[in-house]
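Enquirer: Please find one structure pasted underneath; my questions will follow.
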Amino acid sequence: MSFINYSSREINCKLVYYGPGLGGKTTNLQFIYAKTSPEAKGKMISLATETERTLFFDFLPLSLGEIRGFKTRFHLYTVPGQVFYDASRKLILKGVDGVVFVADSQVERMEANIESMENLRQNLIEQGYNLDKLPFIIQYNKRDLPNIASVAELHGQLNPTNVLEFEARATTGVGVFETLKAIARAVLTELRRGSGG
Amino acid sequence: MSGPDVMFPEEQRQISSVCQRLHRDANAKAVLLIGRDGQPIAEAGEVGEIDVTSLSSLTAGNVAATGGISKILREKDFTSQFHEGEKTHVHITLVAGRAILVVLFDERSSLGLVRLRVRKAAEEMARLFEQVAKKAASGTGPSILNEITDADIDKLFND
């Protein structure tokens, strides 16, 4: 849940990168971390296994500038994508303000994408959220790989409500900041809308 | 979805002063108050060399994981945790289900003293959070959200 501190003049929001295992959620955060100036970021934390698979979450705090004298701070989290870490995924969704779904474009991962999307919807319901009412962006990652589904196919399977979607190659950064900006903008717009402003 | 969590300057001052008193009375190294979702709210003591943002996020993750364990065990939330280190120990308490109070202490203090002082401080903080919630619900506090325009948001994302 976003947190507005009128004393320190800060708006804090929580973004969660969700999606199937090995889809590129951590890579998104690593690219953002690598390309952001030191003043705008905090330390990136990865709670990972010995084989560098996300065990609990990755965390990256970012400042995106000021609105009307209030610093906007975004806390970026990833969830562990592997199916059996579902209990951890639920915890990380607590207090979420916006979700990025990082889909793996490879044909053989379509099933995993669909399963993860359904898992996201279900876990949000358990936390009292409705995916259709939450700021939500889809990223089709790994567009540089050879055996990929077309964007139209991915859209058909994963994006029935026509939320904003981006093609990406997170390893080289293509689409990474576009996705981040879009979700941050959607969260702030929703925050403003929710206040009746 | 409910509205955002907020903190107003008057309550922030009072909460900071409760943190400072707790730091003194518990002979603690440092005291941190963190929102349940991991945002730092207030601090007192020797925090200069601590990465407060990271510590806050990890503590919130830790509390969330412990809450998950309590659910599996059909136990109510574990309201406090203690981590014993070689030099620094950490005492973590939930405050009114809304925030997390973290006390870092060493051999200058003891778990018993920290627990005793935390109980009183947590009660005071819970009252202050209640006050904030009432103020936010009644609309008597300030509201930046009503002032933000689409143009402000656009400006933030102009390269």
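Please note that chains go A, B, ... in the order of the structure tokens, that every chain numbers its residues from 1, and that ligands are numbered from 1 in the order shown.
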Can you pull out the residues contacting B:Val18? Cut-off 9 Å, using only C-alpha atoms, and skip same-chain residues under 6 positions away; I want them as a PyMOL selection string.
Expert: chain B and resi 121-122+124-125
Enquirer: Just the residues within 12 Å of A:Ile138, please, counting only C-alpha atoms, with nothing from its chain fewer than 4 positions along; format it as an mmCIF file with N, CA and C atoms, in the first residue's frame.
Expert:
data_model
loop_
_atom_site.group_PDB
_atom_site.id
_atom_site.type_symbol
_atom_site.label_atom_id
_atom_site.label_comp_id
_atom_site.auth_asym_id
_atom_site.auth_seq_id
_atom_site.Cartn_x
_atom_site.Cartn_y
_atom_site.Cartn_z
ATOM 1 N N VAL A 16 5.510 -4.757 -7.906
ATOM 2 C CA VAL A 16 5.931 -6.160 -7.889
ATOM 3 C C VAL A 16 6.041 -6.679 -9.330
ATOM 4 N N TYR A 17 7.205 -7.275 -9.631
ATOM 5 C CA TYR A 17 7.411 -7.948 -10.905
ATOM 6 C C TYR A 17 7.076 -9.423 -10.712
ATOM 7 N N TYR A 18 6.082 -9.891 -11.462
ATOM 8 C CA TYR A 18 5.555 -11.246 -11.317
ATOM 9 C C TYR A 18 5.776 -12.002 -12.627
ATOM 10 N N GLY A 19 5.694 -13.308 -12.584
ATOM 11 C CA GLY A 19 5.823 -14.070 -13.827
ATOM 12 C C GLY A 19 6.454 -15.427 -13.597
ATOM 13 N N LYS A 25 12.513 -11.503 -14.516
ATOM 14 C CA LYS A 25 12.093 -10.501 -13.511
ATOM 15 C C LYS A 25 13.324 -9.896 -12.828
ATOM 16 N N GLY A 98 1.206 -1.775 -7.710
ATOM 17 C CA GLY A 98 1.171 -2.015 -9.151
ATOM 18 C C GLY A 98 1.953 -3.269 -9.486
ATOM 19 N N VAL A 99 1.518 -3.961 -10.552
ATOM 20 C CA VAL A 99 2.160 -5.226 -10.917
ATOM 21 C C VAL A 99 2.646 -5.175 -12.365
ATOM 22 N N VAL A 100 3.863 -5.677 -12.575
ATOM 23 C CA VAL A 100 4.367 -5.934 -13.924
ATOM 24 C C VAL A 100 4.421 -7.440 -14.095
ATOM 25 N N PHE A 101 3.778 -7.946 -15.124
ATOM 26 C CA PHE A 101 3.885 -9.377 -15.406
ATOM 27 C C PHE A 101 4.940 -9.553 -16.494
ATOM 28 N N VAL A 102 6.034 -10.245 -16.170
ATOM 29 C CA VAL A 102 7.099 -10.491 -17.144
ATOM 30 C C VAL A 102 6.865 -11.872 -17.749
ATOM 31 N N ALA A 103 6.378 -11.866 -18.991
ATOM 32 C CA ALA A 103 6.105 -13.127 -19.675
ATOM 33 C C ALA A 103 7.337 -13.564 -20.457
ATOM 34 N N ASP A 104 7.548 -14.856 -20.534
ATOM 35 C CA ASP A 104 8.645 -15.427 -21.332
ATOM 36 C C ASP A 104 8.077 -15.728 -22.719
ATOM 37 N N SER A 105 8.622 -15.068 -23.741
ATOM 38 C CA SER A 105 8.040 -15.177 -25.091
ATOM 39 C C SER A 105 8.271 -16.523 -25.765
ATOM 40 N N ASN A 113 3.516 -19.340 -18.631
ATOM 41 C CA ASN A 113 3.004 -17.963 -18.558
ATOM 42 C C ASN A 113 1.543 -17.962 -18.113
ATOM 43 N N MET A 117 0.050 -16.411 -14.706
ATOM 44 C CA MET A 117 -0.950 -15.323 -14.753
ATOM 45 C C MET A 117 -2.168 -15.701 -13.903
ATOM 46 N N VAL A 151 3.626 -11.640 -30.798
ATOM 47 C CA VAL A 151 2.995 -10.782 -29.800
ATOM 48 C C VAL A 151 1.477 -10.986 -29.826
ATOM 49 N N LEU A 154 0.704 -14.067 -27.813
ATOM 50 C CA LEU A 154 0.897 -13.793 -26.382
ATOM 51 C C LEU A 154 -0.242 -12.924 -25.852
ATOM 52 N N HIS A 155 -0.557 -11.911 -26.640
ATOM 53 C CA HIS A 155 -1.652 -11.009 -26.275
ATOM 54 C C HIS A 155 -2.951 -11.806 -26.106
ATOM 55 N N GLN A 157 -3.421 -14.885 -25.382
ATOM 56 C CA GLN A 157 -3.426 -15.804 -24.242
ATOM 57 C C GLN A 157 -3.346 -15.079 -22.894
ATOM 58 N N LEU A 158 -2.649 -13.940 -22.873
ATOM 59 C CA LEU A 158 -2.314 -13.345 -21.569
ATOM 60 C C LEU A 158 -2.960 -11.991 -21.292
ATOM 61 N N ASN A 159 -3.469 -11.355 -22.329
ATOM 62 C CA ASN A 159 -3.915 -9.966 -22.129
ATOM 63 C C ASN A 159 -5.343 -9.725 -22.622
ATOM 64 N N PRO A 160 -6.301 -10.465 -22.099
ATOM 65 C CA PRO A 160 -7.676 -10.316 -22.589
ATOM 66 C C PRO A 160 -8.277 -8.946 -22.257
ATOM 67 N N THR A 161 -7.752 -8.273 -21.232
ATOM 68 C CA THR A 161 -8.333 -6.985 -20.838
ATOM 69 C C THR A 161 -7.594 -5.804 -21.473
ATOM 70 N N ASN A 162 -6.667 -6.116 -22.374
ATOM 71 C CA ASN A 162 -5.952 -5.063 -23.114
ATOM 72 C C ASN A 162 -5.234 -4.053 -22.226
ATOM 73 N N VAL A 163 -4.483 -4.528 -21.254
ATOM 74 C CA VAL A 163 -3.662 -3.584 -20.482
ATOM 75 C C VAL A 163 -2.444 -3.237 -21.339
ATOM 76 N N LEU A 164 -1.743 -2.183 -20.947
ATOM 77 C CA LEU A 164 -0.572 -1.737 -21.699
ATOM 78 C C LEU A 164 0.465 -2.862 -21.719
ATOM 79 N N GLU A 165 1.066 -3.106 -22.882
ATOM 80 C CA GLU A 165 2.048 -4.197 -22.979
ATOM 81 C C GLU A 165 3.290 -3.719 -23.723
ATOM 82 N N PHE A 166 4.430 -4.304 -23.380
ATOM 83 C CA PHE A 166 5.706 -3.916 -23.988
ATOM 84 C C PHE A 166 6.493 -5.144 -24.400
ATOM 85 N N GLU A 167 7.197 -5.036 -25.520
ATOM 86 C CA GLU A 167 8.152 -6.082 -25.882
ATOM 87 C C GLU A 167 9.488 -5.729 -25.239
ATOM 88 N N ALA A 168 10.227 -6.762 -24.820
ATOM 89 C CA ALA A 168 11.486 -6.455 -24.128
ATOM 90 C C ALA A 168 12.565 -7.493 -24.386
ATOM 91 N N GLY A 175 13.089 -2.176 -23.620
ATOM 92 C CA GLY A 175 11.748 -2.258 -23.037
ATOM 93 C C GLY A 175 11.699 -2.188 -21.508
ATOM 94 N N VAL A 176 12.859 -2.225 -20.869
ATOM 95 C CA VAL A 176 12.874 -2.298 -19.399
ATOM 96 C C VAL A 176 12.392 -0.988 -18.774
ATOM 97 N N GLU A 178 10.836 1.456 -20.308
ATOM 98 C CA GLU A 178 9.497 1.775 -20.808
ATOM 99 C C GLU A 178 8.455 1.116 -19.887
ATOM 100 N N THR A 179 8.729 -0.145 -19.536
ATOM 101 C CA THR A 179 7.816 -0.872 -18.652
ATOM 102 C C THR A 179 7.748 -0.206 -17.282
ATOM 103 N N LEU A 180 8.905 0.131 -16.745
ATOM 104 C CA LEU A 180 8.961 0.739 -15.409
ATOM 105 C C LEU A 180 8.208 2.071 -15.379
ATOM 106 N N ALA A 182 5.883 3.065 -17.340
ATOM 107 C CA ALA A 182 4.439 2.865 -17.544
ATOM 108 C C ALA A 182 3.759 2.433 -16.243
ATOM 109 N N ILE A 183 4.380 1.540 -15.508
ATOM 110 C CA ILE A 183 3.728 1.073 -14.274
ATOM 111 C C ILE A 183 3.779 2.170 -13.205
#
Enquirer: Which residue is closest to chain B? Choose from A:Phe57, A:Phe84, A:Tyr33, A:Phe136 and count only C-alpha atoms.
Expert: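 The answer is A:Phe57, which sits nearest to chain B.
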Enquirer: Write out as a ChimeraX atom specification the set of residues from stretch 6-197 of chain A that DSSP, computed on the backbone, places in strand (DSSP E or B).
Expert: /A:10-18,41,45-48,54-67,70-78,98-104,106,136-141,148,165-167,169,174
Enquirer: Compute the set of chain B residues within 9 Å of chain A, using only C-alpha atoms, and express it as number ranges by chain.
Expert: B: 1-13, 35-39, 41, 51, 53-54, 57-58, 61, 64-65, 67-68, 142-150, 152-157
Enquirer: Next, the residues of the selection above should be written as a short mmCIF file (atom, residue, chain, number, x, y, z; two decimals), in the first residue's frame with N, CA and C atoms.
Expert:
data_model
loop_
_atom_site.label_atom_id
_atom_site.label_comp_id
_atom_site.auth_asym_id
_atom_site.auth_seq_id
_atom_site.Cartn_x
_atom_site.Cartn_y
_atom_site.Cartn_z
N MET B 1 -9.88 -1.61 -2.77
CA MET B 1 -8.64 -1.21 -2.14
C MET B 1 -8.86 0.01 -1.24
N SER B 2 -8.21 0.05 -0.10
CA SER B 2 -8.33 1.22 0.76
C SER B 2 -7.32 2.28 0.32
N GLY B 3 -7.41 3.47 0.90
CA GLY B 3 -6.52 4.56 0.52
C GLY B 3 -5.11 4.31 1.02
N PRO B 4 -4.21 5.23 0.70
CA PRO B 4 -2.82 5.05 1.11
C PRO B 4 -2.65 5.22 2.62
N ASP B 5 -1.60 4.61 3.16
CA ASP B 5 -1.21 4.91 4.54
C ASP B 5 -0.62 6.31 4.55
N VAL B 6 -0.85 7.03 5.63
CA VAL B 6 -0.29 8.39 5.69
C VAL B 6 0.38 8.63 7.05
N MET B 7 1.21 9.64 7.08
CA MET B 7 1.77 10.11 8.35
C MET B 7 1.79 11.63 8.29
N PHE B 8 1.29 12.26 9.34
CA PHE B 8 1.24 13.72 9.38
C PHE B 8 2.35 14.27 10.27
N PRO B 9 2.77 15.52 10.03
CA PRO B 9 3.93 16.06 10.77
C PRO B 9 3.77 16.00 12.29
N GLU B 10 2.57 16.31 12.79
CA GLU B 10 2.41 16.36 14.25
C GLU B 10 2.65 14.97 14.87
N GLU B 11 2.03 13.95 14.26
CA GLU B 11 2.18 12.59 14.79
C GLU B 11 3.60 12.07 14.53
N GLN B 12 4.19 12.50 13.40
CA GLN B 12 5.57 12.09 13.12
C GLN B 12 6.50 12.59 14.23
N ARG B 13 6.29 13.84 14.65
CA ARG B 13 7.12 14.39 15.74
C ARG B 13 6.94 13.57 17.01
N GLY B 35 6.99 0.88 8.35
CA GLY B 35 5.64 0.51 7.93
C GLY B 35 5.58 -0.97 7.64
N ARG B 36 4.40 -1.56 7.73
CA ARG B 36 4.30 -3.01 7.56
C ARG B 36 4.74 -3.45 6.16
N ASP B 37 4.68 -2.51 5.20
CA ASP B 37 5.13 -2.86 3.85
C ASP B 37 6.60 -2.51 3.60
N GLY B 38 7.30 -2.09 4.66
CA GLY B 38 8.74 -1.93 4.54
C GLY B 38 9.26 -0.51 4.37
N GLN B 39 8.37 0.49 4.54
CA GLN B 39 8.89 1.86 4.41
C GLN B 39 9.34 2.38 5.77
N ILE B 41 9.76 4.78 8.80
CA ILE B 41 8.92 5.87 9.29
C ILE B 41 9.70 6.78 10.25
N ASP B 51 22.17 0.74 6.61
CA ASP B 51 21.37 0.94 5.41
C ASP B 51 19.89 0.74 5.83
N THR B 53 17.03 1.67 4.55
CA THR B 53 16.06 1.23 3.53
C THR B 53 16.09 -0.28 3.37
N SER B 54 17.30 -0.83 3.24
CA SER B 54 17.42 -2.29 3.07
C SER B 54 16.94 -3.02 4.32
N SER B 57 13.14 -3.08 4.46
CA SER B 57 12.51 -4.00 3.52
C SER B 57 12.69 -5.45 3.97
N LEU B 58 13.90 -5.78 4.42
CA LEU B 58 14.16 -7.16 4.85
C LEU B 58 13.38 -7.49 6.12
N GLY B 61 9.87 -8.17 5.16
CA GLY B 61 9.80 -9.50 4.55
C GLY B 61 9.85 -10.59 5.61
N ALA B 64 6.58 -10.64 7.43
CA ALA B 64 5.54 -11.25 6.58
C ALA B 64 5.72 -12.77 6.55
N ALA B 65 6.98 -13.23 6.45
CA ALA B 65 7.23 -14.67 6.43
C ALA B 65 6.83 -15.31 7.76
N GLY B 67 4.58 -14.18 9.76
CA GLY B 67 3.12 -14.17 9.77
C GLY B 67 2.56 -15.37 8.98
N GLY B 68 3.24 -15.68 7.85
CA GLY B 68 2.84 -16.84 7.05
C GLY B 68 3.00 -18.13 7.83
N PRO B 142 -3.62 17.29 5.78
CA PRO B 142 -3.34 17.78 4.42
C PRO B 142 -3.52 16.65 3.40
N SER B 143 -3.70 17.00 2.13
CA SER B 143 -3.78 15.95 1.11
C SER B 143 -3.11 16.39 -0.18
N ILE B 144 -1.94 15.86 -0.42
CA ILE B 144 -1.20 16.18 -1.64
C ILE B 144 -1.91 15.61 -2.86
N LEU B 145 -2.62 14.50 -2.66
CA LEU B 145 -3.20 13.81 -3.82
C LEU B 145 -4.23 14.67 -4.55
N ASN B 146 -4.92 15.52 -3.79
CA ASN B 146 -5.90 16.39 -4.43
C ASN B 146 -5.24 17.47 -5.27
N GLU B 147 -3.96 17.72 -4.99
CA GLU B 147 -3.27 18.81 -5.71
C GLU B 147 -2.58 18.31 -6.98
N ILE B 148 -2.26 17.02 -7.03
CA ILE B 148 -1.50 16.50 -8.17
C ILE B 148 -2.37 16.50 -9.44
N THR B 149 -1.77 16.97 -10.52
CA THR B 149 -2.50 16.98 -11.80
C THR B 149 -1.85 15.98 -12.75
N ASP B 150 -2.53 15.68 -13.83
CA ASP B 150 -1.94 14.81 -14.86
C ASP B 150 -0.63 15.41 -15.37
N ASP B 152 1.50 17.16 -13.73
CA ASP B 152 2.59 16.89 -12.77
C ASP B 152 3.18 15.51 -13.01
N ILE B 153 2.28 14.55 -13.24
CA ILE B 153 2.75 13.17 -13.46
C ILE B 153 3.52 13.08 -14.77
N ASP B 154 3.00 13.76 -15.81
CA ASP B 154 3.71 13.78 -17.10
C ASP B 154 5.12 14.34 -16.93
N LYS B 155 5.20 15.42 -16.15
CA LYS B 155 6.49 16.11 -15.97
C LYS B 155 7.54 15.17 -15.36
N LEU B 156 7.07 14.31 -14.44
CA LEU B 156 7.97 13.39 -13.76
C LEU B 156 8.63 12.43 -14.75
N PHE B 157 7.91 12.11 -15.83
CA PHE B 157 8.42 11.10 -16.76
C PHE B 157 8.98 11.68 -18.04
#
Enquirer: A:Ala149, A:Leu15, A:Asn141, A:Thr172: which is nearest A:Leu76, counting only C-alpha atoms?
Expert: A:Leu15
Enquirer: Any idea what the distance is between atom CA of A:Met110 and atom CA of A:Asp58?
Expert: 24.1 Å
Enquirer: As a PyMOL selection string, which residues of stretch 51-195 of chain A does DSSP assign to helix (DSSP H, G or I)?
Expert: chain A and resi 83-92+107-126+131-133+151-158+176-194
Enquirer: Write the residues of the selection above to a file with C-alpha atoms, as a short mmCIF file (atom, residue, chain, number, x, y, z; two decimals), in the first residue's frame.
Expert:
data_model
loop_
_atom_site.label_atom_id
_atom_site.label_comp_id
_atom_site.auth_asym_id
_atom_site.auth_seq_id
_atom_site.Cartn_x
_atom_site.Cartn_y
_atom_site.Cartn_z
CA VAL A 83 5.88 -22.94 -8.81
CA PHE A 84 6.63 -24.34 -5.34
CA TYR A 85 7.41 -20.92 -3.83
CA ASP A 86 3.77 -19.92 -3.90
CA ALA A 87 3.57 -19.07 -0.18
CA SER A 88 6.39 -16.54 -0.64
CA ARG A 89 4.72 -15.00 -3.69
CA LYS A 90 1.56 -14.35 -1.70
CA LEU A 91 3.52 -12.53 1.00
CA ILE A 92 5.27 -10.27 -1.47
CA VAL A 107 6.82 -20.94 -27.34
CA GLU A 108 7.63 -23.70 -24.85
CA ARG A 109 6.96 -21.31 -21.94
CA MET A 110 3.44 -20.36 -22.98
CA GLU A 111 1.89 -22.85 -20.57
CA ALA A 112 4.05 -21.54 -17.72
CA ASN A 113 3.00 -17.96 -18.56
CA ILE A 114 -0.67 -18.87 -18.46
CA GLU A 115 -0.27 -20.75 -15.19
CA SER A 116 1.64 -17.88 -13.60
CA MET A 117 -0.95 -15.32 -14.75
CA GLU A 118 -3.72 -17.41 -13.22
CA ASN A 119 -1.65 -17.76 -10.05
CA LEU A 120 -1.21 -13.97 -9.92
CA ARG A 121 -4.94 -13.38 -10.25
CA GLN A 122 -5.71 -15.95 -7.56
CA ASN A 123 -3.04 -14.76 -5.11
CA LEU A 124 -4.22 -11.17 -5.49
CA ILE A 125 -7.77 -12.22 -4.67
CA GLU A 126 -6.45 -13.85 -1.49
CA LEU A 131 -6.13 -7.68 -10.93
CA ASP A 132 -8.54 -5.85 -13.23
CA LYS A 133 -8.62 -2.86 -10.88
CA VAL A 151 3.00 -10.78 -29.80
CA ALA A 152 -0.52 -11.41 -31.14
CA GLU A 153 -0.47 -14.96 -29.73
CA LEU A 154 0.90 -13.79 -26.38
CA HIS A 155 -1.65 -11.01 -26.28
CA GLY A 156 -4.44 -13.47 -27.04
CA GLN A 157 -3.43 -15.80 -24.24
CA LEU A 158 -2.31 -13.34 -21.57
CA VAL A 176 12.87 -2.30 -19.40
CA PHE A 177 12.57 1.40 -18.59
CA GLU A 178 9.50 1.78 -20.81
CA THR A 179 7.82 -0.87 -18.65
CA LEU A 180 8.96 0.74 -15.41
CA LYS A 181 7.79 4.19 -16.43
CA ALA A 182 4.44 2.86 -17.54
CA ILE A 183 3.73 1.07 -14.27
CA ALA A 184 4.99 3.98 -12.15
CA ARG A 185 2.80 6.37 -14.08
CA ALA A 186 -0.21 4.05 -13.76
CA VAL A 187 0.32 3.77 -9.99
CA LEU A 188 0.53 7.53 -9.47
CA THR A 189 -2.48 8.12 -11.68
CA GLU A 190 -4.46 5.53 -9.72
CA LEU A 191 -3.35 7.05 -6.42
CA ARG A 192 -4.58 10.44 -7.57
CA ARG A 193 -7.80 9.00 -8.97
CA GLY A 194 -8.46 7.03 -5.76
#
Enquirer: Could you check how far atom CA of B:Phe105 sits from atom CA of B:Ala126, in Å to one decimal?
Expert: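 Separation between atom CA of B:Phe105 and atom CA of B:Ala126: 22.4 Å.
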Enquirer: Write out as an MDAnalysis selection string which residues come within 6 Å of B:Ala44 when counting only C-alpha atoms, dropping same-chain ones fewer than 2 positions away.
Expert: chainID B and resid 19:20 30:31
Enquirer: Using the selection just defined, write its residues with N, CA, C and O atoms as a PDB file, in the first residue's frame.
Expert:
ATOM      1  N   CYS B  19      10.334   7.132  19.866  1.00  0.00           N
ATOM      2  CA  CYS B  19      11.517   6.346  19.462  1.00  0.00           C
ATOM      3  C   CYS B  19      12.754   6.792  20.244  1.00  0.00           C
ATOM      4  O   CYS B  19      13.545   5.964  20.705  1.00  0.00           O
ATOM      5  N   GLN B  20      12.906   8.106  20.381  1.00  0.00           N
ATOM      6  CA  GLN B  20      14.082   8.620  21.098  1.00  0.00           C
ATOM      7  C   GLN B  20      14.056   8.211  22.573  1.00  0.00           C
ATOM      8  O   GLN B  20      15.078   7.826  23.142  1.00  0.00           O
ATOM      9  N   ALA B  30      20.014   1.440  18.618  1.00  0.00           N
ATOM     10  CA  ALA B  30      19.160   2.173  17.676  1.00  0.00           C
ATOM     11  C   ALA B  30      17.730   1.648  17.723  1.00  0.00           C
ATOM     12  O   ALA B  30      17.485   0.508  18.118  1.00  0.00           O
ATOM     13  N   VAL B  31      16.817   2.520  17.338  1.00  0.00           N
ATOM     14  CA  VAL B  31      15.400   2.158  17.260  1.00  0.00           C
ATOM     15  C   VAL B  31      14.899   2.575  15.884  1.00  0.00           C
ATOM     16  O   VAL B  31      15.185   3.685  15.425  1.00  0.00           O
TER      17      VAL B  31
END
Enquirer: Fewer than 2 positions away in the same chain doesn't count, so skip those; otherwise give me all residues within 12 Å of B:Gly85, counting only C-alpha atoms, as an mmCIF file with C-alpha atoms, in the first residue's frame.
Expert:
data_model
loop_
_atom_site.group_PDB
_atom_site.id
_atom_site.type_symbol
_atom_site.label_atom_id
_atom_site.label_comp_id
_atom_site.auth_asym_id
_atom_site.auth_seq_id
_atom_site.Cartn_x
_atom_site.Cartn_y
_atom_site.Cartn_z
ATOM 1 C CA PHE B 82 14.292 -11.820 18.802
ATOM 2 C CA HIS B 83 17.505 -12.410 16.857
ATOM 3 C CA LYS B 87 27.487 -8.238 19.258
ATOM 4 C CA THR B 88 24.162 -6.858 18.148
ATOM 5 C CA HIS B 89 20.767 -8.286 18.961
ATOM 6 C CA VAL B 90 17.497 -7.411 17.281
ATOM 7 C CA HIS B 91 14.072 -7.224 18.869
ATOM 8 C CA LEU B 104 18.969 -2.942 17.998
ATOM 9 C CA PHE B 105 20.894 -3.444 21.245
ATOM 10 C CA ASP B 106 24.154 -4.843 22.609
ATOM 11 C CA GLU B 107 25.707 -5.799 25.942
#
Enquirer: What is the distance between atom CA of B:Glu75 and atom CA of B:Gly97, in Å to one decimal?
Expert: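 Value for the atom CA of B:Glu75-atom CA of B:Gly97 distance: 15.1 Å.
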